$ cat model_35.tsv   # TSV, C-alpha atoms
chain	number	residue	atom	x	y	z
A	1	MET	CA	-16.63	30.97	-13.45
A	2	ASN	CA	-15.66	27.41	-12.58
A	3	GLU	CA	-17.92	25.54	-10.23
A	4	VAL	CA	-16.71	23.71	-7.13
A	5	LYS	CA	-17.56	20.03	-7.40
A	6	VAL	CA	-17.41	17.69	-4.42
A	7	VAL	CA	-15.77	14.52	-5.72
A	8	VAL	CA	-15.87	12.62	-2.44
A	9	ALA	CA	-16.40	13.72	1.14
A	10	HIS	CA	-16.60	11.91	4.47
A	11	SER	CA	-15.28	12.35	8.00
A	12	GLU	CA	-11.70	11.37	7.12
A	13	ARG	CA	-11.06	13.31	3.93
A	14	ALA	CA	-12.62	15.32	1.12
A	15	THR	CA	-11.70	15.99	-2.49
A	16	LEU	CA	-12.97	19.03	-4.38
A	17	ARG	CA	-12.59	19.86	-8.06
A	18	VAL	CA	-12.33	23.42	-9.36
A	19	GLY	CA	-11.82	23.37	-13.11
A	20	ASP	CA	-8.71	21.30	-13.75
A	21	VAL	CA	-7.49	21.48	-10.16
A	22	PHE	CA	-8.25	18.94	-7.43
A	23	LEU	CA	-8.00	19.99	-3.79
A	24	LYS	CA	-7.52	17.11	-1.37
A	25	VAL	CA	-8.15	17.81	2.31
A	26	ASP	CA	-7.11	15.06	4.72
A	27	ALA	CA	-7.36	14.95	8.51
A	28	ASP	CA	-4.33	12.62	8.57
A	29	GLN	CA	-1.24	14.53	7.45
A	30	THR	CA	0.68	11.27	7.06
A	31	ARG	CA	-1.56	10.20	4.18
A	32	ILE	CA	-0.90	13.44	2.30
A	33	ASP	CA	2.86	13.14	2.90
A	34	VAL	CA	2.82	9.55	1.61
A	35	GLU	CA	0.86	10.58	-1.46
A	36	VAL	CA	3.32	13.33	-2.40
A	37	GLU	CA	6.38	11.13	-1.91
A	38	ALA	CA	4.87	8.10	-3.65
A	39	MET	CA	3.96	10.12	-6.73
A	40	ALA	CA	7.52	11.42	-6.90
A	41	LEU	CA	8.94	7.88	-6.76
A	42	ALA	CA	6.45	6.00	-8.95
A	43	PRO	CA	7.70	5.15	-12.49
A	44	VAL	CA	4.23	5.61	-13.97
A	45	PRO	CA	2.30	8.79	-14.90
A	46	THR	CA	0.92	10.61	-11.85
A	47	PRO	CA	-0.83	13.96	-11.35
A	48	GLU	CA	1.26	17.12	-11.21
A	49	VAL	CA	1.52	18.50	-7.67
A	50	LEU	CA	0.63	22.21	-7.92
A	51	TRP	CA	1.15	23.03	-4.27
A	52	HIS	CA	1.06	21.39	-0.87
A	53	LYS	CA	0.09	23.30	2.26
A	54	PRO	CA	-1.14	21.01	5.05
A	55	PRO	CA	-3.83	19.84	5.33
A	56	VAL	CA	-4.46	20.57	1.61
A	57	LEU	CA	-2.84	19.08	-1.48
A	58	ALA	CA	-3.54	20.67	-4.87
A	59	ILE	CA	-2.98	18.51	-7.94
A	60	ALA	CA	-3.71	18.91	-11.63
A	61	ALA	CA	-6.30	16.79	-13.40
A	62	VAL	CA	-4.91	13.99	-15.57
A	63	PRO	CA	-6.12	13.52	-19.16
A	64	GLY	CA	-7.95	10.46	-20.41
A	65	THR	CA	-10.71	8.33	-18.92
A	66	THR	CA	-10.95	5.36	-16.60
A	67	LEU	CA	-11.76	1.83	-17.77
A	68	GLY	CA	-15.02	2.00	-15.83
A	69	LEU	CA	-16.44	2.08	-12.33
A	70	LEU	CA	-17.24	-0.52	-9.72
A	71	GLY	CA	-20.84	-1.59	-10.24
A	72	GLU	CA	-20.87	-0.70	-13.94
A	73	SER	CA	-19.98	-2.74	-17.01
A	74	SER	CA	-16.79	-1.68	-18.74
A	75	THR	CA	-16.85	-0.98	-22.47
A	76	ALA	CA	-13.06	-0.73	-22.65
A	77	SER	CA	-11.23	-3.08	-25.00
A	78	PRO	CA	-9.17	-6.06	-23.85
A	79	ALA	CA	-6.10	-4.16	-25.10
A	80	ALA	CA	-6.88	-1.27	-22.77
A	81	TRP	CA	-7.14	-3.60	-19.78
A	82	ALA	CA	-3.85	-5.21	-20.82
A	83	THR	CA	-2.23	-1.78	-21.06
A	84	ALA	CA	-3.29	-1.09	-17.48
A	85	GLY	CA	-1.83	-4.46	-16.45
A	86	ALA	CA	1.51	-3.54	-18.02
A	87	ALA	CA	1.59	-0.23	-16.11
A	88	ILE	CA	0.84	-2.02	-12.84
A	89	ARG	CA	3.73	-4.43	-13.51
A	90	LYS	CA	6.03	-1.45	-14.14
A	91	LEU	CA	5.09	-0.04	-10.74
A	92	HIS	CA	5.64	-3.37	-9.01
A	93	GLU	CA	9.11	-3.72	-10.54
A	94	ALA	CA	10.26	-0.29	-9.33
A	95	PRO	CA	12.66	0.19	-6.39
A	96	LEU	CA	10.84	-0.16	-3.09
A	97	PRO	CA	9.72	2.91	-1.18
A	98	PRO	CA	11.12	2.93	2.38
A	99	TRP	CA	7.78	2.54	4.13
A	100	PRO	CA	5.08	-0.19	4.33
A	101	GLY	CA	1.76	0.45	2.60
A	102	ARG	CA	-1.81	-0.68	2.96
A	103	ALA	CA	-1.02	-3.78	0.91
A	104	GLY	CA	1.86	-4.66	3.22
A	105	ARG	CA	0.18	-5.52	6.49
A	106	GLY	CA	1.29	-8.67	8.29
A	107	ILE	CA	-0.75	-11.85	8.36
A	108	ASP	CA	-1.64	-11.54	12.06
A	109	GLU	CA	-3.06	-8.05	11.50
A	110	LEU	CA	-4.95	-9.14	8.39
A	111	VAL	CA	-6.52	-12.09	10.18
A	112	ALA	CA	-7.49	-10.03	13.22
A	113	ASP	CA	-9.12	-7.33	11.08
A	114	LEU	CA	-10.97	-9.89	8.97
A	115	ASP	CA	-12.26	-11.87	11.94
A	116	GLY	CA	-13.48	-8.70	13.61
A	117	GLU	CA	-15.41	-7.60	10.52
A	118	CYS	CA	-16.87	-11.06	9.92
A	119	GLU	CA	-18.13	-11.17	13.49
A	120	TRP	CA	-19.71	-7.72	13.15
A	121	LEU	CA	-21.38	-8.56	9.83
A	122	VAL	CA	-23.04	-11.68	11.25
A	123	LYS	CA	-23.83	-10.30	14.71
A	124	ASN	CA	-25.63	-7.28	13.22
A	125	ASP	CA	-27.45	-9.30	10.51
A	126	VAL	CA	-25.79	-7.30	7.77
A	127	LEU	CA	-24.92	-10.41	5.73
A	128	PRO	CA	-25.97	-14.08	6.01
A	129	ALA	CA	-23.62	-16.22	8.07
A	130	ASP	CA	-23.05	-18.72	5.25
A	131	LEU	CA	-22.02	-15.93	2.86
A	132	VAL	CA	-19.55	-14.56	5.39
A	133	THR	CA	-18.19	-18.01	6.29
A	134	ARG	CA	-17.66	-19.01	2.66
A	135	ASN	CA	-15.82	-15.81	1.79
A	136	ARG	CA	-13.79	-15.96	5.01
A	137	ARG	CA	-12.60	-19.37	3.85
A	138	VAL	CA	-11.80	-18.09	0.34
A	139	ALA	CA	-9.85	-15.17	1.82
A	140	GLU	CA	-7.45	-17.50	3.61
A	141	ALA	CA	-5.52	-18.06	0.36
A	142	ALA	CA	-4.21	-14.49	0.66
A	143	PHE	CA	-2.46	-15.32	3.93
A	144	ARG	CA	0.84	-16.59	2.59
A	145	PRO	CA	4.44	-15.35	2.20
A	146	TRP	CA	4.98	-12.73	-0.51
A	147	THR	CA	7.85	-10.65	-1.86
A	148	PRO	CA	7.43	-6.92	-1.14
A	149	LYS	CA	6.74	-4.75	-4.18
A	150	PHE	CA	6.07	-1.04	-4.75
A	151	THR	CA	2.28	-1.12	-4.40
A	152	HIS	CA	-0.37	1.56	-4.85
A	153	GLY	CA	-2.52	0.14	-2.05
A	154	ASP	CA	-5.87	1.48	-3.29
A	155	LEU	CA	-5.71	0.72	-7.01
A	156	GLN	CA	-9.42	0.98	-7.74
A	157	ILE	CA	-10.43	1.01	-11.39
A	158	ALA	CA	-11.48	4.66	-10.99
A	159	HIS	CA	-7.89	5.60	-10.10
A	160	VAL	CA	-6.29	4.60	-13.43
A	161	PHE	CA	-6.74	6.85	-16.48
A	162	LEU	CA	-5.99	5.92	-20.08
A	163	ASP	CA	-6.07	7.56	-23.50
A	164	GLY	CA	-6.27	4.79	-26.07
A	165	ASP	CA	-3.39	2.41	-25.38
A	166	GLU	CA	-1.54	4.77	-23.06
A	167	VAL	CA	-1.88	5.15	-19.29
A	168	THR	CA	-2.08	8.91	-18.72
A	169	GLY	CA	-2.25	8.98	-14.95
A	170	ILE	CA	-2.73	6.98	-11.76
A	171	ILE	CA	-4.22	8.96	-8.87
A	172	ASP	CA	-4.77	8.68	-5.09
A	173	TRP	CA	-1.48	7.37	-3.70
A	174	SER	CA	-2.12	7.88	0.03
A	175	GLU	CA	-2.05	4.09	0.75
A	176	ALA	CA	1.10	3.39	-1.29
A	177	GLY	CA	4.18	1.59	-0.01
A	178	GLN	CA	5.74	-1.85	0.19
A	179	GLY	CA	3.14	-4.58	-0.16
A	180	ASP	CA	1.70	-7.63	-1.88
A	181	ALA	CA	1.48	-7.10	-5.64
A	182	LEU	CA	-1.58	-9.33	-5.93
A	183	PHE	CA	-3.48	-7.02	-3.57
A	184	ASP	CA	-3.15	-4.29	-6.22
A	185	LEU	CA	-4.27	-6.61	-9.04
A	186	ALA	CA	-7.26	-7.73	-6.99
A	187	THR	CA	-8.28	-4.18	-6.09
A	188	PHE	CA	-8.06	-3.13	-9.74
A	189	THR	CA	-10.20	-6.02	-11.00
A	190	LEU	CA	-12.72	-6.09	-8.12
A	191	GLY	CA	-16.18	-6.41	-9.63
A	192	HIS	CA	-14.70	-6.90	-13.11
A	193	GLU	CA	-13.67	-10.55	-12.93
A	194	GLU	CA	-14.28	-10.98	-16.65
A	195	HIS	CA	-11.29	-8.71	-17.38
A	196	LEU	CA	-8.79	-10.41	-15.06
A	197	ASP	CA	-7.26	-12.48	-17.88
A	198	ASP	CA	-6.67	-9.32	-19.94
A	199	VAL	CA	-4.97	-7.58	-17.02
A	200	VAL	CA	-2.81	-10.63	-16.32
A	201	ALA	CA	-1.86	-10.84	-20.01
A	202	GLY	CA	-0.64	-7.26	-19.90
A	203	TYR	CA	1.04	-7.80	-16.54
A	204	GLY	CA	3.18	-10.35	-18.32
A	205	THR	CA	4.12	-12.83	-15.61
A	206	ASP	CA	2.54	-15.71	-13.73
A	207	VAL	CA	-0.23	-14.63	-11.37
A	208	ASP	CA	-1.89	-16.89	-8.81
A	209	VAL	CA	-5.52	-16.11	-9.60
A	210	ASP	CA	-6.70	-17.98	-6.49
A	211	VAL	CA	-4.88	-15.40	-4.39
A	212	VAL	CA	-6.44	-12.59	-6.43
A	213	ARG	CA	-9.87	-14.09	-5.75
A	214	ALA	CA	-8.95	-14.37	-2.08
A	215	TRP	CA	-8.18	-10.66	-1.96
A	216	TRP	CA	-11.56	-9.95	-3.63
A	217	SER	CA	-13.28	-11.71	-0.73
A	218	TYR	CA	-11.02	-10.16	1.88
A	219	ARG	CA	-11.41	-6.59	0.64
A	220	SER	CA	-15.17	-6.92	0.21
A	221	LEU	CA	-15.72	-8.35	3.69
A	222	LEU	CA	-13.48	-5.72	5.23
A	223	VAL	CA	-15.09	-2.62	3.68
A	224	VAL	CA	-18.83	-3.31	3.99
A	225	ARG	CA	-19.15	-1.71	7.43
A	226	TRP	CA	-16.94	1.26	6.50
A	227	LEU	CA	-18.95	1.92	3.34
A	228	ILE	CA	-22.25	1.81	5.21
A	229	GLU	CA	-21.00	4.11	7.97
A	230	HIS	CA	-19.66	6.65	5.46
A	231	GLY	CA	-22.76	6.88	3.28
A	232	PHE	CA	-21.84	4.46	0.48
A	233	ASP	CA	-23.81	1.42	-0.67
A	234	PRO	CA	-21.96	-1.91	-0.84
A	235	PHE	CA	-25.28	-3.58	-1.78
A	236	ALA	CA	-25.54	-1.70	-5.09
A	237	PRO	CA	-25.54	-4.00	-8.16
A	238	GLY	CA	-22.07	-5.20	-9.05
A	239	CYS	CA	-20.49	-3.86	-5.87
A	240	GLU	CA	-18.93	-5.53	-2.84
A	241	VAL	CA	-21.86	-7.69	-1.70
A	242	ASP	CA	-22.37	-9.00	-5.23
A	243	VAL	CA	-18.64	-9.82	-5.33
A	244	LEU	CA	-19.11	-11.86	-2.16
A	245	LYS	CA	-22.16	-13.64	-3.59
A	246	SER	CA	-20.19	-14.60	-6.71
A	247	ARG	CA	-17.96	-16.80	-4.57
A	248	MET	CA	-20.88	-18.97	-3.45
$ encode --input "model_35.tsv" --output "structure tokens"
Amino acid sequence: MNEVKVVVAHSERATLRVGDVFLKVDADQTRIDVEVEAMALAPVPTPEVLWHKPPVLAIAAVPGTTLGLLGESSTASPAAWATAGAAIRKLHEAPLPPWPGRAGRGIDELVADLDGECEWLVKNDVLPADLVTRNRRVAEAAFRPWTPKFTHGDLQIAHVFLDGDEVTGIIDWSEAGQGDALFDLATFTLGHEEHLDDVVAGYGTDVDVDVVRAWWSYRSLLVVRWLIEHGFDPFAPGCEVDVLKSRM
């Protein structure tokens, strides 16, 4: 008999695995609806939707393996990272979905969210003020005009699966929509700066790496509190706090 494995669980959502089936339970029905529609529109491999009965989405496992995990060194080849970059470019060149995504928030909203988190981090002695101030300054490069693209919105390294030189599946599309392409590239390479050049080579067009670095700082500052409050550890080696320290 197959065992039930808890992949991730917190107050907002949970994902369970039973054999080759993943069951995603989300308190926000909008996220599930976005995920289903985004996977149907995306021109890259996505999981097969087995059934969808709110608040549960059942999808099939995708073959292959990820390039690594945040906080761990990747043993994948430069060619594999480049292959992932090419798949991300294919997504970004696709026709736009009709809704904004996580990577498509306006500058005023981004600044307000960032300032609120920076204040909380310093006020509660979570991070040193100089570390927060430096990364807040780095993050400002992300606040500029951009052309909307079809973005994944949460393109963590653990969400992209490959088999050799082929992308076999990209998972977790609940944050997808119109957004800044460099947000996706930054999310994918967060904590793996040494592979950014390989990803950009596969992406195949000019990329402003200063903006990618800005998104590294922005994302890391923004998620520290959320991670702590939901039982994750942003202070683990190679994770978000180390990303912030690397900018000093």
$ residues_near_point --input "model_35.tsv" --point "(2.0, -10.7, 6.8)" --cutoff "10 Å" --atoms "all atoms listed in the file" --output "PyMOL selection string"
chain A and resi 103-111+142-146+179-180
$ closest_residue --input "model_35.tsv" --among "A:Ser220, A:Thr46, A:Asn2, A:Ser11" --to "A:Arg136" --atoms "only C-alpha atoms"
A:Ser220
$ closest_residue --input "model_35.tsv" --among "A:Val224, A:Cys118, A:Val126, A:Leu67" --to "A:Gln156" --atoms "only C-alpha atoms"
A:Leu67
$ atom_distance --input "model_35.tsv" --atom1 "atom CA of A:Pro234" --atom2 "atom CA of A:Leu70"
10.2 Å
$ atom_distance --input "model_35.tsv" --atom1 "atom CA of A:Leu69" --atom2 "atom CA of A:Val36"
24.8 Å
$ closest_residue --input "model_35.tsv" --among "A:Phe161, A:Trp120, A:Trp81, A:Trp215" --to "A:Ala201" --atoms "all atoms listed in the file"
A:Trp81
$ atom_distance --input "model_35.tsv" --atom1 "atom CA of A:Thr205" --atom2 "atom CA of A:Pro63"
28.5 Å
$ closest_residue --input "model_35.tsv" --among "A:Leu127, A:Ile171, A:Leu196, A:Ile157" --to "A:Asp242" --atoms "all atoms listed in the file"
A:Leu127
$ residues_around --input "model_35.tsv" --residues "A:Leu185" --least-positions-apart "3" --cutoff "8 Å" --atoms "all atoms listed in the file" --output "ChimeraX atom specification"
/A:88,155,181-182,188-189,212
$ closest_residue --input "model_35.tsv" --among "A:Pro128, A:Pro45, A:Gly101, A:Gly169" --to "A:Phe150" --atoms "all atoms listed in the file"
A:Gly101
$ residues_around --input "model_35.tsv" --residues "stretch 29-31 of chain A" --least-positions-apart "4" --cutoff "7 Å" --atoms "all atoms listed in the file" --output "list in words"
Glu35, Pro54, Pro55 and Ser174 of chain A
$ residues_near_point --input "model_35.tsv" --point "(-20.3, -7.3, -8.7)" --cutoff "9 Å" --atoms "only C-alpha atoms" --output "list of chain:residue names"
A:Leu70, A:Gly71, A:Glu72, A:Leu190, A:Gly191, A:His192, A:Glu193, A:Ala236, A:Pro237, A:Gly238, A:Cys239, A:Glu240, A:Val241, A:Asp242, A:Val243, A:Leu244, A:Lys245, A:Ser246
$ residues_around --input "model_35.tsv" --residues "A:Glu117" --least-positions-apart "3" --cutoff "7 Å" --atoms "only C-alpha atoms" --output "list of chain:residue names"
A:Asp113, A:Leu114, A:Trp120, A:Leu121, A:Leu221, A:Leu222
$ write_last_selection --input "model_35.tsv" --atoms "C-alpha atoms" --output "CSV table (one decimal), in the frame of the given file"
chain,number,residue,atom,x,y,z
A,113,ASP,CA,-9.1,-7.3,11.1
A,114,LEU,CA,-11.0,-9.9,9.0
A,120,TRP,CA,-19.7,-7.7,13.2
A,121,LEU,CA,-21.4,-8.6,9.8
A,221,LEU,CA,-15.7,-8.4,3.7
A,222,LEU,CA,-13.5,-5.7,5.2
$ closest_residue --input "model_35.tsv" --among "A:Gly177, A:Gly19, A:Pro95, A:Gly68" --to "A:Val6" --atoms "only C-alpha atoms"
A:Gly19
